[in-house]
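As stored in final-v1.cif (mmCIF, C-alpha atoms; chains and numbers go by the auth columns):
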data_model
#
loop_
_atom_site.group_PDB
_atom_site.id
_atom_site.type_symbol
_atom_site.label_atom_id
_atom_site.label_comp_id
_atom_site.label_asym_id
_atom_site.label_seq_id
_atom_site.Cartn_x
_atom_site.Cartn_y
_atom_site.Cartn_z
_atom_site.B_iso_or_equiv
_atom_site.auth_seq_id
_atom_site.auth_asym_id
ATOM 1 C CA MET A 1 -22.316 10.060 -13.471 0.00 1108 S
ATOM 2 C CA PRO A 2 -19.492 7.749 -12.325 0.00 1109 S
ATOM 3 C CA SER A 3 -18.254 5.175 -14.781 0.00 1110 S
ATOM 4 C CA PRO A 4 -20.139 1.852 -14.650 0.00 1111 S
ATOM 5 C CA ALA A 5 -16.800 0.227 -13.843 0.00 1112 S
ATOM 6 C CA SER A 6 -16.293 2.427 -10.760 0.00 1113 S
ATOM 7 C CA PRO A 7 -18.163 0.256 -8.227 0.00 1114 S
ATOM 8 C CA PHE A 8 -16.305 -2.793 -9.529 0.00 1115 S
ATOM 9 C CA ALA A 9 -12.975 -0.947 -9.393 0.00 1116 S
ATOM 10 C CA ARG A 10 -13.602 0.242 -5.836 0.00 1117 S
ATOM 11 C CA ALA A 11 -14.581 -3.265 -4.713 0.00 1118 S
ATOM 12 C CA LEU A 12 -11.544 -4.738 -6.463 0.00 1119 S
ATOM 13 C CA TYR A 13 -9.154 -2.206 -4.892 0.00 1120 S
ATOM 14 C CA LEU A 14 -10.643 -2.809 -1.452 0.00 1121 S
ATOM 15 C CA THR A 15 -10.333 -6.586 -1.887 0.00 1122 S
ATOM 16 C CA LEU A 16 -6.722 -6.212 -3.040 0.00 1123 S
ATOM 17 C CA PHE A 17 -6.036 -4.003 -0.014 0.00 1124 S
ATOM 18 C CA VAL A 18 -7.357 -6.672 2.371 0.00 1125 S
ATOM 19 C CA VAL A 19 -5.425 -9.469 0.653 0.00 1126 S
ATOM 20 C CA GLY A 20 -2.320 -7.283 0.260 0.00 1127 S
ATOM 21 C CA SER A 21 -2.410 -6.535 3.983 0.00 1128 S
ATOM 22 C CA ALA A 22 -3.290 -9.989 5.298 0.00 1129 S
ATOM 23 C CA VAL A 23 -0.885 -12.134 3.277 0.00 1130 S
ATOM 24 C CA PRO A 24 2.348 -10.307 4.216 0.00 1131 S
ATOM 25 C CA LEU A 25 1.243 -9.945 7.841 0.00 1132 S
ATOM 26 C CA LEU A 26 0.496 -13.674 8.110 0.00 1133 S
ATOM 27 C CA TRP A 27 4.155 -14.269 7.239 0.00 1134 S
ATOM 28 C CA PHE A 28 5.525 -11.457 9.399 0.00 1135 S
ATOM 29 C CA TRP A 29 3.542 -11.923 12.627 0.00 1136 S
ATOM 30 C CA PRO A 30 5.244 -15.187 13.687 0.00 1137 S
ATOM 31 C CA TRP A 31 8.650 -13.530 13.254 0.00 1138 S
ATOM 32 C CA LEU A 32 7.469 -10.440 15.135 0.00 1139 S
ATOM 33 C CA ILE A 33 6.137 -12.568 18.007 0.00 1140 S
ATOM 34 C CA ALA A 34 9.431 -14.465 18.216 0.00 1141 S
ATOM 35 C CA HIS A 35 11.786 -11.467 17.905 0.00 1142 S
ATOM 36 C CA GLY A 36 9.786 -8.366 18.774 0.00 1143 S
ATOM 37 C CA LEU A 37 10.658 -5.062 17.110 0.00 1144 S
ATOM 38 C CA ASP A 38 14.324 -6.007 16.681 0.00 1145 S
ATOM 39 C CA LEU A 39 15.277 -3.887 13.646 0.00 1146 S
ATOM 40 C CA PRO A 40 18.914 -5.086 13.473 0.00 1147 S
ATOM 41 C CA ALA A 41 17.723 -8.724 13.437 0.00 1148 S
ATOM 42 C CA LEU A 42 15.092 -7.913 10.822 0.00 1149 S
ATOM 43 C CA LEU A 43 17.628 -6.252 8.523 0.00 1150 S
ATOM 44 C CA SER A 44 20.157 -9.019 9.119 0.00 1151 S
ATOM 45 C CA GLU A 45 17.670 -11.711 8.129 0.00 1152 S
ATOM 46 C CA LEU A 46 16.272 -9.693 5.235 0.00 1153 S
ATOM 47 C CA PHE A 47 19.711 -9.171 3.689 0.00 1154 S
ATOM 48 C CA SER A 48 21.229 -12.530 4.666 0.00 1155 S
ATOM 49 C CA THR A 49 20.979 -13.769 1.060 0.00 1156 S
ATOM 50 C CA ARG A 50 21.258 -12.083 -2.326 0.00 1157 S
ATOM 51 C CA VAL A 51 17.671 -13.048 -3.160 0.00 1158 S
ATOM 52 C CA GLY A 52 16.369 -11.666 0.135 0.00 1159 S
ATOM 53 C CA GLY A 53 18.331 -8.464 -0.426 0.00 1160 S
ATOM 54 C CA PHE A 54 16.962 -8.188 -3.949 0.00 1161 S
ATOM 55 C CA PHE A 55 13.367 -8.469 -2.750 0.00 1162 S
ATOM 56 C CA GLY A 56 13.958 -6.207 0.236 0.00 1163 S
ATOM 57 C CA LEU A 57 15.497 -3.450 -1.872 0.00 1164 S
ATOM 58 C CA ASP A 58 12.851 -3.854 -4.567 0.00 1165 S
ATOM 59 C CA VAL A 59 10.076 -3.355 -2.012 0.00 1166 S
ATOM 60 C CA LEU A 60 11.843 -0.380 -0.421 0.00 1167 S
ATOM 61 C CA CYS A 61 12.341 1.271 -3.827 0.00 1168 S
ATOM 62 C CA ALA A 62 8.713 0.602 -4.786 0.00 1169 S
ATOM 63 C CA ALA A 63 7.529 2.075 -1.476 0.00 1170 S
ATOM 64 C CA VAL A 64 9.553 5.261 -2.026 0.00 1171 S
ATOM 65 C CA VAL A 65 8.211 5.581 -5.581 0.00 1172 S
ATOM 66 C CA LEU A 66 4.641 5.081 -4.343 0.00 1173 S
ATOM 67 C CA LEU A 67 5.000 7.634 -1.541 0.00 1174 S
ATOM 68 C CA VAL A 68 6.473 10.213 -3.935 0.00 1175 S
ATOM 69 C CA TRP A 69 3.722 9.555 -6.495 0.00 1176 S
ATOM 70 C CA MET A 70 0.993 9.883 -3.856 0.00 1177 S
ATOM 71 C CA GLN A 71 2.448 13.227 -2.752 0.00 1178 S
ATOM 72 C CA LEU A 72 2.710 14.564 -6.311 0.00 1179 S
ATOM 73 C CA GLU A 73 -0.735 13.224 -7.242 0.00 1180 S
ATOM 74 C CA HIS A 74 -2.194 14.912 -4.157 0.00 1181 S
ATOM 75 C CA ARG A 75 -1.298 18.310 -5.620 0.00 1182 S
ATOM 76 C CA ARG A 76 -3.344 17.530 -8.730 0.00 1183 S
ATOM 77 C CA LEU A 77 -6.124 15.523 -7.088 0.00 1184 S
ATOM 78 C CA PRO A 78 -6.504 15.990 -3.323 0.00 1185 S
ATOM 79 C CA VAL A 79 -7.449 12.535 -2.071 0.00 1186 S
ATOM 80 C CA ARG A 80 -9.092 12.508 1.355 0.00 1187 S
ATOM 81 C CA ARG A 81 -7.382 10.275 3.891 0.00 1188 S
ATOM 82 C CA ALA A 82 -4.437 9.576 1.579 0.00 1189 S
ATOM 83 C CA TRP A 83 -2.308 9.513 4.718 0.00 1190 S
ATOM 84 C CA LEU A 84 -3.892 6.137 5.523 0.00 1191 S
ATOM 85 C CA ALA A 85 -2.379 4.705 2.342 0.00 1192 S
ATOM 86 C CA ALA A 86 1.009 6.205 3.221 0.00 1193 S
ATOM 87 C CA LEU A 87 0.755 4.657 6.686 0.00 1194 S
ATOM 88 C CA ALA A 88 -0.227 1.273 5.223 0.00 1195 S
ATOM 89 C CA THR A 89 2.741 1.475 2.841 0.00 1196 S
ATOM 90 C CA CYS A 90 5.184 2.235 5.654 0.00 1197 S
ATOM 91 C CA CYS A 91 3.757 -0.275 8.148 0.00 1198 S
ATOM 92 C CA ILE A 92 2.818 -3.188 5.874 0.00 1199 S
ATOM 93 C CA GLY A 93 4.116 -2.519 2.383 0.00 1200 S
ATOM 94 C CA VAL A 94 3.275 -1.567 -1.159 0.00 1201 S
ATOM 95 C CA SER A 95 0.866 -4.507 -1.451 0.00 1202 S
ATOM 96 C CA SER A 96 -1.283 -2.776 1.152 0.00 1203 S
ATOM 97 C CA GLY A 97 -0.702 0.916 0.471 0.00 1204 S
ATOM 98 C CA LEU A 98 -1.115 0.929 -3.304 0.00 1205 S
ATOM 99 C CA PRO A 99 -4.567 -0.681 -3.505 0.00 1206 S
ATOM 100 C CA LEU A 100 -5.766 1.424 -0.564 0.00 1207 S
ATOM 101 C CA TYR A 101 -4.616 4.593 -2.318 0.00 1208 S
ATOM 102 C CA LEU A 102 -6.232 3.479 -5.588 0.00 1209 S
ATOM 103 C CA TYR A 103 -9.496 2.853 -3.706 0.00 1210 S
ATOM 104 C CA LEU A 104 -9.386 6.290 -2.046 0.00 1211 S
ATOM 105 C CA ARG A 105 -8.447 7.920 -5.357 0.00 1212 S
ATOM 106 C CA GLN A 106 -11.291 6.203 -7.229 0.00 1213 S
ATOM 107 C CA ARG A 107 -13.712 7.285 -4.525 0.00 1214 S
ATOM 108 C CA THR A 108 -12.502 10.879 -4.929 0.00 1215 S
ATOM 109 C CA LEU A 109 -12.849 10.709 -8.715 0.00 1216 S
ATOM 110 C CA ASP A 110 -16.369 9.287 -8.437 0.00 1217 S
ATOM 111 C CA ALA A 111 -17.413 12.023 -6.000 0.00 1218 S
ATOM 112 C CA ALA A 112 -16.118 14.733 -8.353 0.00 1219 S
ATOM 113 C CA VAL A 113 -18.261 13.593 -11.287 0.00 1220 S
ATOM 114 C CA PRO A 114 -21.477 15.628 -11.464 0.00 1221 S
ATOM 115 C CA THR A 115 -24.695 13.639 -11.398 0.00 1222 S
ATOM 116 C CA SER A 116 -27.186 14.382 -14.153 0.00 1223 S
#

Give the structure from this file in structure tokens form.
Amino acid sequence: MPSPASPFARALYLTLFVVGSAVPLLWFWPWLIAHGLDLPALLSELFSTRVGGFFGLDVLCAAVVLLVWMQLEHRRLPVRRAWLAALATCCIGVSSGLPLYLYLRQRTLDAAVPTS
């Protein structure tokens, strides 16, 4: 039987996925509408200050760590549709990909527990 906390955990992860997707996109969409997919302009603005560079590099490092962890974890626990979390990480960021992966992982763990 799944842990009593499992439904709460799944709901929490799903909520964090929605918030972690919406909040960054609400900040990014106006820039994207104004500039389009101008990668040089994006990188220029991202690294125009030390603080911006710090946050940009921190997020990039966290995304790489998350993607590596998801790949290694997949060998131990095959999570269905984990590629969606990788896509969310690459397209939106860690704030989107991590909670989505945790939701998918929890769902996999709950399905693997035998019912009695």

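Distances from S:Glu1152, S:Asp1145, S:Asp1165, S:Asp1217 to Ala1112 (chain S) were compared using only C-alpha atoms, and the smallest one belongs to S:Asp1217.
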
Practice problem: Can you turn the PyMOL selection byres ((chain S and resi 1198-1203) around 7) into a concrete residue list for this file, as a PyMOL selection string? | Solution: chain S and resi 1124+1127-1128+1169-1170+1194-1197+1204-1207

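Each of S:Trp1138, S:Arg1212, S:Leu1123, S:Gly1163 was checked against Glu1180 (chain S) using only C-alpha atoms; the smallest atom-to-atom distance is that of S:Arg1212.
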
Draw an axis-aligned box over all listed atoms of region 1216-1219 of chain S, pad each side with 8 Å, and write its centre and edge lengths in Å, one decimal, as AutoDock Vina command-line options.
--center_x -15.1 --center_y 12.0 --center_z -7.4 --size_x 20.6 --size_y 21.4 --size_z 18.7

Quiz prompt | Neighbour list for Ala1116 (chain S) as a ChimeraX atom specification, cut-off 9 Å, only C-alpha atoms, skip fewer than 5 positions in-chain | solution = /S:1121,1209-1210,1213

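Between CA of Met1177 (chain S) and CA of Tyr1120 (chain S) lies a distance of 15.8 Å.
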
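Separating CA of Pro1137 (chain S) from CA of Phe1161 (chain S) is a distance of 22.3 Å.
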
Self-check item: CA of Val1186 (chain S) to CA of Ala1219 (chain S), distance in Å rounded to a single decimal
Solution: 10.9 Å

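Here the question is which of S:Arg1214, S:Gly1143, S:Ser1151, S:Val1158 gets nearest to Ala1118 (chain S) using all atoms listed in the file, and that residue is S:Arg1214.
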
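Take the candidates S:Leu1119, S:Leu1211, S:Val1126, S:Leu1179 and check each one against Ala1192 (chain S) using all atoms listed in the file; the shortest distance goes to S:Leu1211.
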
Add whatever atoms are absent from region 1143-1173 of chain S to reach N, CA and C atoms, and provide the output as an mmCIF file, in the coordinates of the input.
data_model
loop_
_atom_site.group_PDB
_atom_site.id
_atom_site.type_symbol
_atom_site.label_atom_id
_atom_site.label_comp_id
_atom_site.auth_asym_id
_atom_site.auth_seq_id
_atom_site.Cartn_x
_atom_site.Cartn_y
_atom_site.Cartn_z
ATOM 1 N N GLY S 1143 10.158 -9.721 18.397
ATOM 2 C CA GLY S 1143 9.786 -8.366 18.774
ATOM 3 C C GLY S 1143 10.223 -7.374 17.705
ATOM 4 N N LEU S 1144 10.259 -6.106 18.064
ATOM 5 C CA LEU S 1144 10.658 -5.062 17.110
ATOM 6 C C LEU S 1144 12.181 -4.911 17.092
ATOM 7 N N ASP S 1145 12.866 -5.983 16.733
ATOM 8 C CA ASP S 1145 14.324 -6.007 16.681
ATOM 9 C C ASP S 1145 14.766 -5.658 15.262
ATOM 10 N N LEU S 1146 14.942 -4.353 14.990
ATOM 11 C CA LEU S 1146 15.277 -3.887 13.646
ATOM 12 C C LEU S 1146 16.609 -4.447 13.141
ATOM 13 N N PRO S 1147 17.667 -4.488 13.970
ATOM 14 C CA PRO S 1147 18.914 -5.086 13.473
ATOM 15 C C PRO S 1147 18.733 -6.550 13.050
ATOM 16 N N ALA S 1148 17.966 -7.323 13.813
ATOM 17 C CA ALA S 1148 17.723 -8.724 13.437
ATOM 18 C C ALA S 1148 16.896 -8.807 12.161
ATOM 19 N N LEU S 1149 15.922 -7.930 12.030
ATOM 20 C CA LEU S 1149 15.092 -7.913 10.822
ATOM 21 C C LEU S 1149 15.945 -7.632 9.589
ATOM 22 N N LEU S 1150 16.773 -6.602 9.661
ATOM 23 C CA LEU S 1150 17.628 -6.252 8.523
ATOM 24 C C LEU S 1150 18.654 -7.340 8.244
ATOM 25 N N SER S 1151 19.191 -7.936 9.288
ATOM 26 C CA SER S 1151 20.157 -9.019 9.119
ATOM 27 C C SER S 1151 19.532 -10.200 8.386
ATOM 28 N N GLU S 1152 18.339 -10.590 8.790
ATOM 29 C CA GLU S 1152 17.670 -11.711 8.129
ATOM 30 C C GLU S 1152 17.212 -11.343 6.725
ATOM 31 N N LEU S 1153 16.742 -10.124 6.550
ATOM 32 C CA LEU S 1153 16.272 -9.693 5.235
ATOM 33 C C LEU S 1153 17.399 -9.716 4.214
ATOM 34 N N PHE S 1154 18.592 -9.268 4.619
ATOM 35 C CA PHE S 1154 19.711 -9.171 3.689
ATOM 36 C C PHE S 1154 20.729 -10.298 3.867
ATOM 37 N N SER S 1155 20.304 -11.413 4.452
ATOM 38 C CA SER S 1155 21.229 -12.530 4.666
ATOM 39 C C SER S 1155 21.537 -13.286 3.374
ATOM 40 N N THR S 1156 20.714 -13.144 2.361
ATOM 41 C CA THR S 1156 20.979 -13.769 1.060
ATOM 42 C C THR S 1156 20.818 -12.721 -0.035
ATOM 43 N N ARG S 1157 21.393 -12.997 -1.190
ATOM 44 C CA ARG S 1157 21.258 -12.083 -2.326
ATOM 45 C C ARG S 1157 19.798 -11.954 -2.753
ATOM 46 N N VAL S 1158 19.081 -13.069 -2.748
ATOM 47 C CA VAL S 1158 17.671 -13.048 -3.160
ATOM 48 C C VAL S 1158 16.846 -12.237 -2.165
ATOM 49 N N GLY S 1159 17.078 -12.442 -0.879
ATOM 50 C CA GLY S 1159 16.369 -11.666 0.135
ATOM 51 C C GLY S 1159 16.671 -10.183 0.003
ATOM 52 N N GLY S 1160 17.944 -9.856 -0.233
ATOM 53 C CA GLY S 1160 18.331 -8.464 -0.426
ATOM 54 C C GLY S 1160 17.682 -7.855 -1.655
ATOM 55 N N PHE S 1161 17.615 -8.653 -2.722
ATOM 56 C CA PHE S 1161 16.962 -8.188 -3.949
ATOM 57 C C PHE S 1161 15.509 -7.825 -3.676
ATOM 58 N N PHE S 1162 14.781 -8.735 -3.031
ATOM 59 C CA PHE S 1162 13.367 -8.469 -2.750
ATOM 60 C C PHE S 1162 13.198 -7.329 -1.747
ATOM 61 N N GLY S 1163 14.045 -7.286 -0.744
ATOM 62 C CA GLY S 1163 13.958 -6.207 0.236
ATOM 63 C C GLY S 1163 14.180 -4.842 -0.393
ATOM 64 N N LEU S 1164 15.218 -4.732 -1.217
ATOM 65 C CA LEU S 1164 15.497 -3.450 -1.872
ATOM 66 C C LEU S 1164 14.435 -3.102 -2.901
ATOM 67 N N ASP S 1165 13.912 -4.109 -3.595
ATOM 68 C CA ASP S 1165 12.851 -3.854 -4.567
ATOM 69 C C ASP S 1165 11.619 -3.269 -3.872
ATOM 70 N N VAL S 1166 11.247 -3.842 -2.745
ATOM 71 C CA VAL S 1166 10.076 -3.355 -2.012
ATOM 72 C C VAL S 1166 10.334 -1.956 -1.456
ATOM 73 N N LEU S 1167 11.525 -1.719 -0.935
ATOM 74 C CA LEU S 1167 11.843 -0.380 -0.421
ATOM 75 C C LEU S 1167 11.806 0.662 -1.532
ATOM 76 N N CYS S 1168 12.374 0.333 -2.691
ATOM 77 C CA CYS S 1168 12.341 1.271 -3.827
ATOM 78 C C CYS S 1168 10.905 1.515 -4.281
ATOM 79 N N ALA S 1169 10.110 0.457 -4.371
ATOM 80 C CA ALA S 1169 8.713 0.602 -4.786
ATOM 81 C C ALA S 1169 7.936 1.452 -3.786
ATOM 82 N N ALA S 1170 8.221 1.284 -2.501
ATOM 83 C CA ALA S 1170 7.529 2.075 -1.476
ATOM 84 C C ALA S 1170 7.881 3.557 -1.609
ATOM 85 N N VAL S 1171 9.150 3.859 -1.853
ATOM 86 C CA VAL S 1171 9.553 5.261 -2.026
ATOM 87 C C VAL S 1171 8.873 5.852 -3.253
ATOM 88 N N VAL S 1172 8.869 5.107 -4.358
ATOM 89 C CA VAL S 1172 8.211 5.581 -5.581
ATOM 90 C C VAL S 1172 6.731 5.841 -5.320
ATOM 91 N N LEU S 1173 6.066 4.923 -4.636
ATOM 92 C CA LEU S 1173 4.641 5.081 -4.343
ATOM 93 C C LEU S 1173 4.389 6.306 -3.468
#
